[in-house]
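*Asks:* Got upload.cif for you, mmCIF, N, CA and C atoms:
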data_model
#
loop_
_atom_site.label_atom_id
_atom_site.label_comp_id
_atom_site.auth_asym_id
_atom_site.auth_seq_id
_atom_site.Cartn_x
_atom_site.Cartn_y
_atom_site.Cartn_z
N MET A 1 141.49 -48.40 13.20
CA MET A 1 141.78 -48.95 14.50
C MET A 1 140.49 -49.39 15.16
N ARG A 2 140.48 -50.56 15.72
CA ARG A 2 139.30 -51.07 16.41
C ARG A 2 139.46 -50.88 17.90
N VAL A 3 138.38 -50.48 18.53
CA VAL A 3 138.37 -50.28 19.97
C VAL A 3 137.77 -51.54 20.59
N PRO A 4 138.40 -52.12 21.59
CA PRO A 4 137.84 -53.33 22.21
C PRO A 4 136.48 -53.02 22.86
N TRP A 5 135.57 -53.94 22.71
CA TRP A 5 134.23 -53.78 23.25
C TRP A 5 133.94 -55.00 24.09
N ASP A 6 133.63 -54.79 25.34
CA ASP A 6 133.49 -55.91 26.27
C ASP A 6 132.06 -56.43 26.38
N LYS A 7 131.15 -55.94 25.59
CA LYS A 7 129.76 -56.40 25.67
C LYS A 7 129.49 -57.43 24.58
N SER A 8 128.63 -58.42 24.90
CA SER A 8 128.28 -59.44 23.92
C SER A 8 127.35 -58.83 22.88
N LYS A 9 127.16 -59.55 21.78
CA LYS A 9 126.28 -59.04 20.72
C LYS A 9 124.85 -58.88 21.22
N VAL A 10 124.40 -59.77 22.09
CA VAL A 10 123.04 -59.67 22.63
C VAL A 10 122.91 -58.38 23.44
N GLU A 11 123.91 -58.09 24.27
CA GLU A 11 123.88 -56.85 25.06
C GLU A 11 123.92 -55.63 24.15
N GLN A 12 124.68 -55.70 23.06
CA GLN A 12 124.75 -54.58 22.13
C GLN A 12 123.39 -54.32 21.50
N LEU A 13 122.72 -55.40 21.10
CA LEU A 13 121.39 -55.24 20.50
C LEU A 13 120.40 -54.69 21.52
N ASP A 14 120.53 -55.11 22.78
CA ASP A 14 119.66 -54.57 23.82
C ASP A 14 119.87 -53.07 23.97
N LEU A 15 121.11 -52.61 23.87
CA LEU A 15 121.39 -51.18 23.95
C LEU A 15 120.73 -50.43 22.80
N VAL A 16 120.76 -51.00 21.62
CA VAL A 16 120.13 -50.37 20.46
C VAL A 16 118.62 -50.31 20.66
N ASP A 17 118.03 -51.41 21.14
CA ASP A 17 116.58 -51.43 21.39
C ASP A 17 116.18 -50.39 22.43
N GLU A 18 116.98 -50.26 23.48
CA GLU A 18 116.69 -49.27 24.52
C GLU A 18 116.77 -47.86 23.96
N ALA A 19 117.78 -47.59 23.16
CA ALA A 19 117.93 -46.25 22.56
C ALA A 19 116.77 -45.94 21.63
N SER A 20 116.32 -46.94 20.87
CA SER A 20 115.19 -46.72 19.96
C SER A 20 113.91 -46.46 20.73
N ALA A 21 113.72 -47.17 21.84
CA ALA A 21 112.52 -47.00 22.64
C ALA A 21 112.48 -45.61 23.27
N GLU A 22 113.65 -45.09 23.65
CA GLU A 22 113.70 -43.76 24.25
C GLU A 22 113.34 -42.66 23.26
N LEU A 23 113.61 -42.89 21.98
CA LEU A 23 113.31 -41.87 20.97
C LEU A 23 111.81 -41.76 20.71
N ASP A 24 111.07 -42.86 20.79
CA ASP A 24 109.64 -42.90 20.56
C ASP A 24 109.26 -42.13 19.29
N LEU A 25 109.68 -42.65 18.16
CA LEU A 25 109.44 -41.99 16.88
C LEU A 25 108.01 -42.16 16.39
N GLY A 26 107.31 -43.12 16.92
CA GLY A 26 105.96 -43.35 16.45
C GLY A 26 105.99 -44.03 15.09
N PRO A 27 104.82 -44.22 14.49
CA PRO A 27 104.80 -44.89 13.20
C PRO A 27 105.45 -43.99 12.13
N ILE A 28 106.23 -44.61 11.29
CA ILE A 28 106.90 -43.88 10.23
C ILE A 28 106.12 -44.08 8.94
N THR A 29 105.69 -43.01 8.35
CA THR A 29 104.94 -43.08 7.10
C THR A 29 105.57 -42.14 6.10
N ALA A 30 105.40 -42.46 4.84
CA ALA A 30 105.92 -41.60 3.78
C ALA A 30 104.97 -40.42 3.60
N PRO A 31 105.50 -39.22 3.43
CA PRO A 31 104.63 -38.06 3.23
C PRO A 31 103.91 -38.14 1.90
N ALA A 32 102.68 -37.65 1.90
CA ALA A 32 101.93 -37.60 0.64
C ALA A 32 102.61 -36.59 -0.27
N GLU A 33 102.75 -36.98 -1.53
CA GLU A 33 103.48 -36.12 -2.45
C GLU A 33 102.63 -35.88 -3.68
N ALA A 34 102.51 -34.63 -4.06
CA ALA A 34 101.74 -34.29 -5.26
C ALA A 34 102.55 -34.68 -6.50
N VAL A 35 101.87 -35.08 -7.54
CA VAL A 35 102.52 -35.44 -8.79
C VAL A 35 102.84 -34.15 -9.54
N ASP A 36 104.10 -34.01 -9.89
CA ASP A 36 104.56 -32.83 -10.62
C ASP A 36 105.06 -33.28 -11.99
N PRO A 37 104.29 -33.03 -13.06
CA PRO A 37 104.71 -33.50 -14.38
C PRO A 37 106.05 -32.91 -14.82
N GLN A 38 106.36 -31.68 -14.42
CA GLN A 38 107.62 -31.06 -14.81
C GLN A 38 108.80 -31.80 -14.18
N ARG A 39 108.65 -32.15 -12.90
CA ARG A 39 109.71 -32.88 -12.22
C ARG A 39 109.93 -34.24 -12.87
N ASP A 40 108.82 -34.92 -13.19
CA ASP A 40 108.93 -36.23 -13.81
C ASP A 40 109.57 -36.15 -15.20
N ALA A 41 109.38 -35.06 -15.90
CA ALA A 41 109.98 -34.88 -17.21
C ALA A 41 111.49 -34.69 -17.11
N ASP A 42 111.97 -34.20 -15.96
CA ASP A 42 113.40 -33.97 -15.78
C ASP A 42 114.16 -35.23 -15.35
N LEU A 43 113.45 -36.31 -15.06
CA LEU A 43 114.12 -37.53 -14.62
C LEU A 43 114.91 -38.14 -15.77
N PRO A 44 116.07 -38.72 -15.47
CA PRO A 44 116.85 -39.36 -16.53
C PRO A 44 116.17 -40.63 -17.02
N ASP A 45 116.60 -41.13 -18.16
CA ASP A 45 116.08 -42.36 -18.73
C ASP A 45 116.43 -43.51 -17.79
N LEU A 46 115.42 -44.24 -17.31
CA LEU A 46 115.66 -45.32 -16.36
C LEU A 46 115.48 -46.69 -17.02
N SER A 47 115.69 -46.76 -18.33
CA SER A 47 115.58 -48.05 -19.01
C SER A 47 116.76 -48.94 -18.61
N LEU A 48 116.60 -50.23 -18.85
CA LEU A 48 117.66 -51.18 -18.53
C LEU A 48 118.94 -50.84 -19.28
N ASP A 49 118.80 -50.48 -20.55
CA ASP A 49 119.99 -50.14 -21.35
C ASP A 49 120.70 -48.91 -20.79
N ALA A 50 119.93 -47.90 -20.37
CA ALA A 50 120.53 -46.68 -19.84
C ALA A 50 121.24 -46.96 -18.52
N LEU A 51 120.61 -47.75 -17.66
CA LEU A 51 121.23 -48.09 -16.38
C LEU A 51 122.49 -48.93 -16.60
N ALA A 52 122.42 -49.85 -17.54
CA ALA A 52 123.58 -50.69 -17.83
C ALA A 52 124.73 -49.87 -18.36
N ALA A 53 124.42 -48.90 -19.20
CA ALA A 53 125.46 -48.05 -19.77
C ALA A 53 126.14 -47.21 -18.69
N GLU A 54 125.41 -46.88 -17.63
CA GLU A 54 125.97 -46.09 -16.54
C GLU A 54 126.76 -46.94 -15.54
N GLY A 55 126.70 -48.27 -15.69
CA GLY A 55 127.43 -49.14 -14.76
C GLY A 55 126.72 -49.34 -13.44
N VAL A 56 125.41 -49.14 -13.42
CA VAL A 56 124.62 -49.29 -12.20
C VAL A 56 124.43 -50.79 -11.93
N PRO A 57 124.73 -51.26 -10.72
CA PRO A 57 124.47 -52.67 -10.41
C PRO A 57 122.98 -52.98 -10.47
N LEU A 58 122.64 -54.07 -11.09
CA LEU A 58 121.25 -54.51 -11.25
C LEU A 58 121.10 -55.88 -10.61
N LEU A 59 119.89 -56.20 -10.16
CA LEU A 59 119.61 -57.54 -9.64
C LEU A 59 119.06 -58.37 -10.79
N MET A 60 119.65 -59.55 -10.99
CA MET A 60 119.26 -60.39 -12.10
C MET A 60 119.06 -61.82 -11.60
N PRO A 61 118.03 -62.51 -12.10
CA PRO A 61 117.82 -63.91 -11.69
C PRO A 61 119.00 -64.78 -12.12
N VAL A 62 119.43 -65.67 -11.24
CA VAL A 62 120.57 -66.54 -11.57
C VAL A 62 120.24 -67.46 -12.73
N ASP A 63 118.96 -67.75 -12.95
CA ASP A 63 118.57 -68.63 -14.04
C ASP A 63 118.80 -68.01 -15.41
N SER A 64 118.94 -66.68 -15.47
CA SER A 64 119.15 -66.03 -16.76
C SER A 64 120.63 -65.79 -17.06
N ILE A 65 121.50 -66.30 -16.19
CA ILE A 65 122.95 -66.11 -16.36
C ILE A 65 123.59 -67.46 -16.63
N GLU A 66 124.44 -67.48 -17.65
CA GLU A 66 125.18 -68.70 -17.96
C GLU A 66 126.67 -68.43 -17.88
N GLU A 67 127.41 -69.48 -17.62
CA GLU A 67 128.86 -69.33 -17.56
C GLU A 67 129.44 -69.32 -18.96
N ASP A 68 130.58 -68.69 -19.11
CA ASP A 68 131.28 -68.63 -20.39
C ASP A 68 132.01 -69.96 -20.61
N PRO A 69 131.70 -70.67 -21.69
CA PRO A 69 132.40 -71.94 -21.91
C PRO A 69 133.89 -71.74 -22.19
N ASP A 70 134.29 -70.54 -22.57
CA ASP A 70 135.70 -70.24 -22.83
C ASP A 70 136.41 -69.65 -21.62
N ASN A 71 135.79 -69.76 -20.44
CA ASN A 71 136.39 -69.22 -19.23
C ASN A 71 137.74 -69.90 -18.98
N PRO A 72 138.78 -69.10 -18.77
CA PRO A 72 140.09 -69.72 -18.52
C PRO A 72 140.16 -70.46 -17.18
N ARG A 73 139.29 -70.08 -16.23
CA ARG A 73 139.25 -70.81 -14.95
C ARG A 73 138.51 -72.12 -15.19
N THR A 74 139.21 -73.21 -14.99
CA THR A 74 138.60 -74.52 -15.22
C THR A 74 138.42 -75.31 -13.93
N GLU A 75 139.08 -74.89 -12.87
CA GLU A 75 138.97 -75.59 -11.60
C GLU A 75 138.26 -74.73 -10.57
N PHE A 76 137.24 -75.31 -9.96
CA PHE A 76 136.49 -74.64 -8.90
C PHE A 76 136.49 -75.59 -7.70
N PRO A 77 137.52 -75.52 -6.85
CA PRO A 77 137.61 -76.45 -5.72
C PRO A 77 136.36 -76.40 -4.84
N ASP A 78 135.87 -77.58 -4.53
CA ASP A 78 134.63 -77.70 -3.76
C ASP A 78 134.72 -77.01 -2.41
N GLU A 79 135.86 -77.11 -1.74
CA GLU A 79 136.02 -76.47 -0.43
C GLU A 79 135.92 -74.95 -0.53
N GLU A 80 136.55 -74.39 -1.57
CA GLU A 80 136.49 -72.93 -1.75
C GLU A 80 135.08 -72.48 -2.08
N LEU A 81 134.38 -73.24 -2.93
CA LEU A 81 133.00 -72.89 -3.27
C LEU A 81 132.10 -72.96 -2.04
N ALA A 82 132.29 -73.99 -1.21
CA ALA A 82 131.48 -74.13 0.00
C ALA A 82 131.72 -72.96 0.95
N GLU A 83 132.97 -72.58 1.10
CA GLU A 83 133.30 -71.45 1.99
C GLU A 83 132.71 -70.15 1.46
N LEU A 84 132.85 -69.92 0.14
CA LEU A 84 132.30 -68.71 -0.46
C LEU A 84 130.78 -68.72 -0.39
N ALA A 85 130.15 -69.86 -0.61
CA ALA A 85 128.69 -69.96 -0.53
C ALA A 85 128.19 -69.63 0.88
N GLN A 86 128.91 -70.09 1.88
CA GLN A 86 128.54 -69.78 3.26
C GLN A 86 128.66 -68.29 3.52
N ASP A 87 129.74 -67.69 3.04
CA ASP A 87 129.95 -66.25 3.22
C ASP A 87 128.87 -65.45 2.48
N ILE A 88 128.52 -65.88 1.28
CA ILE A 88 127.47 -65.19 0.50
C ILE A 88 126.13 -65.33 1.20
N ALA A 89 125.86 -66.49 1.78
CA ALA A 89 124.60 -66.68 2.50
C ALA A 89 124.50 -65.73 3.69
N LEU A 90 125.63 -65.44 4.33
CA LEU A 90 125.64 -64.53 5.48
C LEU A 90 125.64 -63.06 5.08
N ARG A 91 126.47 -62.71 4.11
CA ARG A 91 126.71 -61.30 3.79
C ARG A 91 126.18 -60.86 2.44
N GLY A 92 125.84 -61.79 1.57
CA GLY A 92 125.45 -61.45 0.21
C GLY A 92 126.68 -61.29 -0.67
N ILE A 93 126.46 -60.93 -1.91
CA ILE A 93 127.56 -60.72 -2.84
C ILE A 93 127.99 -59.27 -2.74
N LEU A 94 129.24 -59.05 -2.39
CA LEU A 94 129.75 -57.70 -2.17
C LEU A 94 130.22 -57.04 -3.46
N GLN A 95 130.71 -57.81 -4.41
CA GLN A 95 131.17 -57.26 -5.68
C GLN A 95 130.30 -57.86 -6.79
N PRO A 96 129.59 -57.00 -7.54
CA PRO A 96 128.70 -57.53 -8.58
C PRO A 96 129.43 -58.38 -9.61
N ILE A 97 128.70 -59.30 -10.18
CA ILE A 97 129.20 -60.14 -11.26
C ILE A 97 129.09 -59.34 -12.56
N VAL A 98 130.11 -59.40 -13.40
CA VAL A 98 130.08 -58.68 -14.67
C VAL A 98 129.55 -59.64 -15.73
N VAL A 99 128.48 -59.22 -16.42
CA VAL A 99 127.87 -60.05 -17.46
C VAL A 99 127.74 -59.24 -18.74
N ARG A 100 127.45 -59.94 -19.83
CA ARG A 100 127.14 -59.28 -21.09
C ARG A 100 126.01 -60.05 -21.76
N PRO A 101 125.21 -59.37 -22.55
CA PRO A 101 124.10 -60.05 -23.23
C PRO A 101 124.63 -61.06 -24.25
N VAL A 102 123.86 -62.13 -24.45
CA VAL A 102 124.17 -63.10 -25.50
C VAL A 102 123.06 -63.06 -26.53
N ALA A 103 123.18 -63.82 -27.60
CA ALA A 103 122.24 -63.76 -28.70
C ALA A 103 120.80 -64.07 -28.28
N GLU A 104 120.64 -65.02 -27.38
CA GLU A 104 119.31 -65.39 -26.92
C GLU A 104 118.75 -64.29 -26.03
N ALA A 105 117.56 -63.80 -26.36
CA ALA A 105 116.96 -62.70 -25.60
C ALA A 105 116.76 -63.07 -24.14
N GLY A 106 117.14 -62.14 -23.25
CA GLY A 106 116.95 -62.35 -21.83
C GLY A 106 118.02 -63.21 -21.17
N ARG A 107 119.05 -63.59 -21.92
CA ARG A 107 120.13 -64.41 -21.37
C ARG A 107 121.40 -63.59 -21.33
N TYR A 108 122.25 -63.89 -20.34
CA TYR A 108 123.49 -63.15 -20.16
C TYR A 108 124.60 -64.15 -19.85
N ARG A 109 125.84 -63.78 -20.23
CA ARG A 109 127.00 -64.63 -20.02
C ARG A 109 127.96 -63.93 -19.06
N VAL A 110 128.54 -64.70 -18.15
CA VAL A 110 129.48 -64.17 -17.17
C VAL A 110 130.78 -63.77 -17.86
N VAL A 111 131.22 -62.53 -17.59
CA VAL A 111 132.53 -62.08 -18.05
C VAL A 111 133.52 -62.26 -16.89
N PHE A 112 133.15 -61.76 -15.71
CA PHE A 112 133.95 -61.91 -14.50
C PHE A 112 133.02 -62.31 -13.36
N GLY A 113 133.36 -63.37 -12.62
CA GLY A 113 132.60 -63.74 -11.44
C GLY A 113 131.95 -65.11 -11.51
N ALA A 114 132.50 -66.02 -12.30
CA ALA A 114 131.91 -67.36 -12.41
C ALA A 114 131.91 -68.08 -11.07
N LYS A 115 132.96 -67.90 -10.30
CA LYS A 115 133.03 -68.55 -8.98
C LYS A 115 131.96 -67.99 -8.05
N ARG A 116 131.77 -66.65 -8.08
CA ARG A 116 130.72 -66.04 -7.27
C ARG A 116 129.33 -66.54 -7.68
N LEU A 117 129.12 -66.71 -8.99
CA LEU A 117 127.84 -67.20 -9.47
C LEU A 117 127.59 -68.63 -8.98
N ARG A 118 128.58 -69.48 -9.10
CA ARG A 118 128.41 -70.87 -8.61
C ARG A 118 128.14 -70.90 -7.11
N ALA A 119 128.86 -70.08 -6.37
CA ALA A 119 128.66 -70.04 -4.92
C ALA A 119 127.28 -69.47 -4.57
N ALA A 120 126.82 -68.48 -5.33
CA ALA A 120 125.49 -67.91 -5.08
C ALA A 120 124.41 -68.94 -5.33
N ARG A 121 124.57 -69.72 -6.39
CA ARG A 121 123.60 -70.80 -6.65
C ARG A 121 123.61 -71.81 -5.51
N ARG A 122 124.79 -72.15 -5.04
CA ARG A 122 124.92 -73.11 -3.94
C ARG A 122 124.31 -72.55 -2.66
N ALA A 123 124.40 -71.23 -2.47
CA ALA A 123 123.84 -70.59 -1.28
C ALA A 123 122.33 -70.43 -1.38
N GLY A 124 121.76 -70.70 -2.56
CA GLY A 124 120.31 -70.63 -2.73
C GLY A 124 119.79 -69.26 -3.14
N LEU A 125 120.67 -68.36 -3.59
CA LEU A 125 120.20 -67.05 -4.03
C LEU A 125 119.42 -67.19 -5.34
N GLU A 126 118.35 -66.43 -5.45
CA GLU A 126 117.56 -66.44 -6.68
C GLU A 126 117.94 -65.29 -7.59
N VAL A 127 118.44 -64.18 -7.00
CA VAL A 127 118.91 -63.04 -7.77
C VAL A 127 120.29 -62.65 -7.27
N VAL A 128 121.10 -62.10 -8.18
CA VAL A 128 122.44 -61.66 -7.83
C VAL A 128 122.68 -60.28 -8.43
N PRO A 129 123.54 -59.48 -7.79
CA PRO A 129 123.88 -58.18 -8.37
C PRO A 129 124.83 -58.36 -9.55
N VAL A 130 124.52 -57.66 -10.64
CA VAL A 130 125.36 -57.72 -11.83
C VAL A 130 125.61 -56.33 -12.36
N VAL A 131 126.69 -56.20 -13.10
CA VAL A 131 127.00 -54.98 -13.84
C VAL A 131 127.15 -55.43 -15.28
N MET A 132 126.59 -54.67 -16.21
CA MET A 132 126.68 -55.01 -17.61
C MET A 132 128.04 -54.62 -18.17
N GLY A 133 128.74 -55.58 -18.73
CA GLY A 133 129.96 -55.30 -19.46
C GLY A 133 129.61 -55.07 -20.91
N SER A 134 130.44 -54.40 -21.63
CA SER A 134 130.14 -54.17 -23.04
C SER A 134 130.35 -55.46 -23.82
N PRO A 135 129.68 -55.61 -24.98
CA PRO A 135 129.86 -56.82 -25.78
C PRO A 135 131.30 -57.01 -26.22
N THR A 136 132.06 -55.95 -26.30
CA THR A 136 133.46 -56.05 -26.72
C THR A 136 134.41 -56.01 -25.53
N HIS A 137 133.88 -56.28 -24.34
CA HIS A 137 134.67 -56.23 -23.12
C HIS A 137 135.88 -57.14 -23.26
N ASP A 138 137.04 -56.63 -22.89
CA ASP A 138 138.27 -57.41 -22.98
C ASP A 138 138.26 -58.48 -21.91
N VAL A 139 138.22 -59.73 -22.34
CA VAL A 139 138.25 -60.84 -21.39
C VAL A 139 139.57 -61.44 -21.39
#
As structure tokens, what does this structure read like?
*Replies:*
Amino acid sequence: MRVPWDKSKVEQLDLVDEASAELDLGPITAPAEAVDPQRDADLPDLSLDALAAEGVPLLMPVDSIEEDPDNPRTEFPDEELAELAQDIALRGILQPIVVRPVAEAGRYRVVFGAKRLRAARRAGLEVVPVVMGSPTHDV
């Protein structure tokens, strides 16, 4: 349920600025931390393959992603792409694009999200969030 709010966005931001000024947090700095080799040894494998296997969204350059030539979607209406591109420019991509590696090293093919990829390119994004699908992913 949404509660009606009678203040403009400018007034809302002013309220936030006033509340922040009242707190007077001072400069925020990260605490100095000693290096603990035991703690570092307990960290999980953070390789690209390990992260991909866990389904962690990764940021990938749009230039390294290609569309699937066998994609069943063949029509991408210009009006819909323009609307989605505008939304992506404002909010970013909310649902990662699913990709899988292809034979050429460093290249990936879209499994799900070709329309989002086209709209992201139109919006001028250089990187997009992706999730790695398995090579045998059911398309």
*Asks:* Let me make sure I understand: among A:Pro69, A:Met132, A:Arg107, A:Arg122, which one has the smallest atom-to-atom distance to A:Gln86 if we use only C-alpha atoms?
*Replies:* A:Arg122
*Asks:* Run the PyMOL selection byres ((chain A and resi 63) around 8) against the file shown and list the residues it catches, as a PyMOL selection string.
*Replies:* chain A and resi 60-62+64-66+106-108+125-128
*Asks:* Would you translate the PyMOL selection byres ((chain A and resi 114) around 8) into the concrete set of residues it matches in this file, as a list of chain:residue names?
*Replies:*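 On this input, the PyMOL selection byres ((chain A and resi 114) around 8) captures A:Glu66, A:Glu67, A:Asp68, A:Ile97, A:Val98, A:Val110, A:Val111, A:Phe112, A:Gly113, A:Lys115, A:Arg116, A:Leu117, A:Arg118, A:Ala119, A:Ala120.
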*Asks:* Quick one: distance from atom CA of A:Ile93 to atom CA of A:Pro129 in Å, one decimal?
*Replies:*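 It comes out at 7.1 Å.
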*Asks:* At a cut-off of 5 Å, using all atoms listed in the file, what residues contact A:Ala85? Leave out same-chain residues fewer than 4 positions from it and give the result as a list in words.
*Replies:*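 Those residues are Leu81, Ala89, Ala119 and Ala123 of chain A.
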*Asks:* Taking into account all atoms listed in the file, which residue in the set A:Leu58, A:Ile88, A:Leu94, A:Leu51 is nearest to A:Gly124?
*Replies:* A:Ile88
*Asks:* Just the number, please: distance in Å from atom C of A:Ala105 to atom N of A:Leu59, one decimal.
*Replies:* 15.9 Å
*Asks:* Could you tell me how far atom C of A:Arg73 sits from atom C of A:Val131, in Å to one decimal place?
*Replies:* 20.2 Å
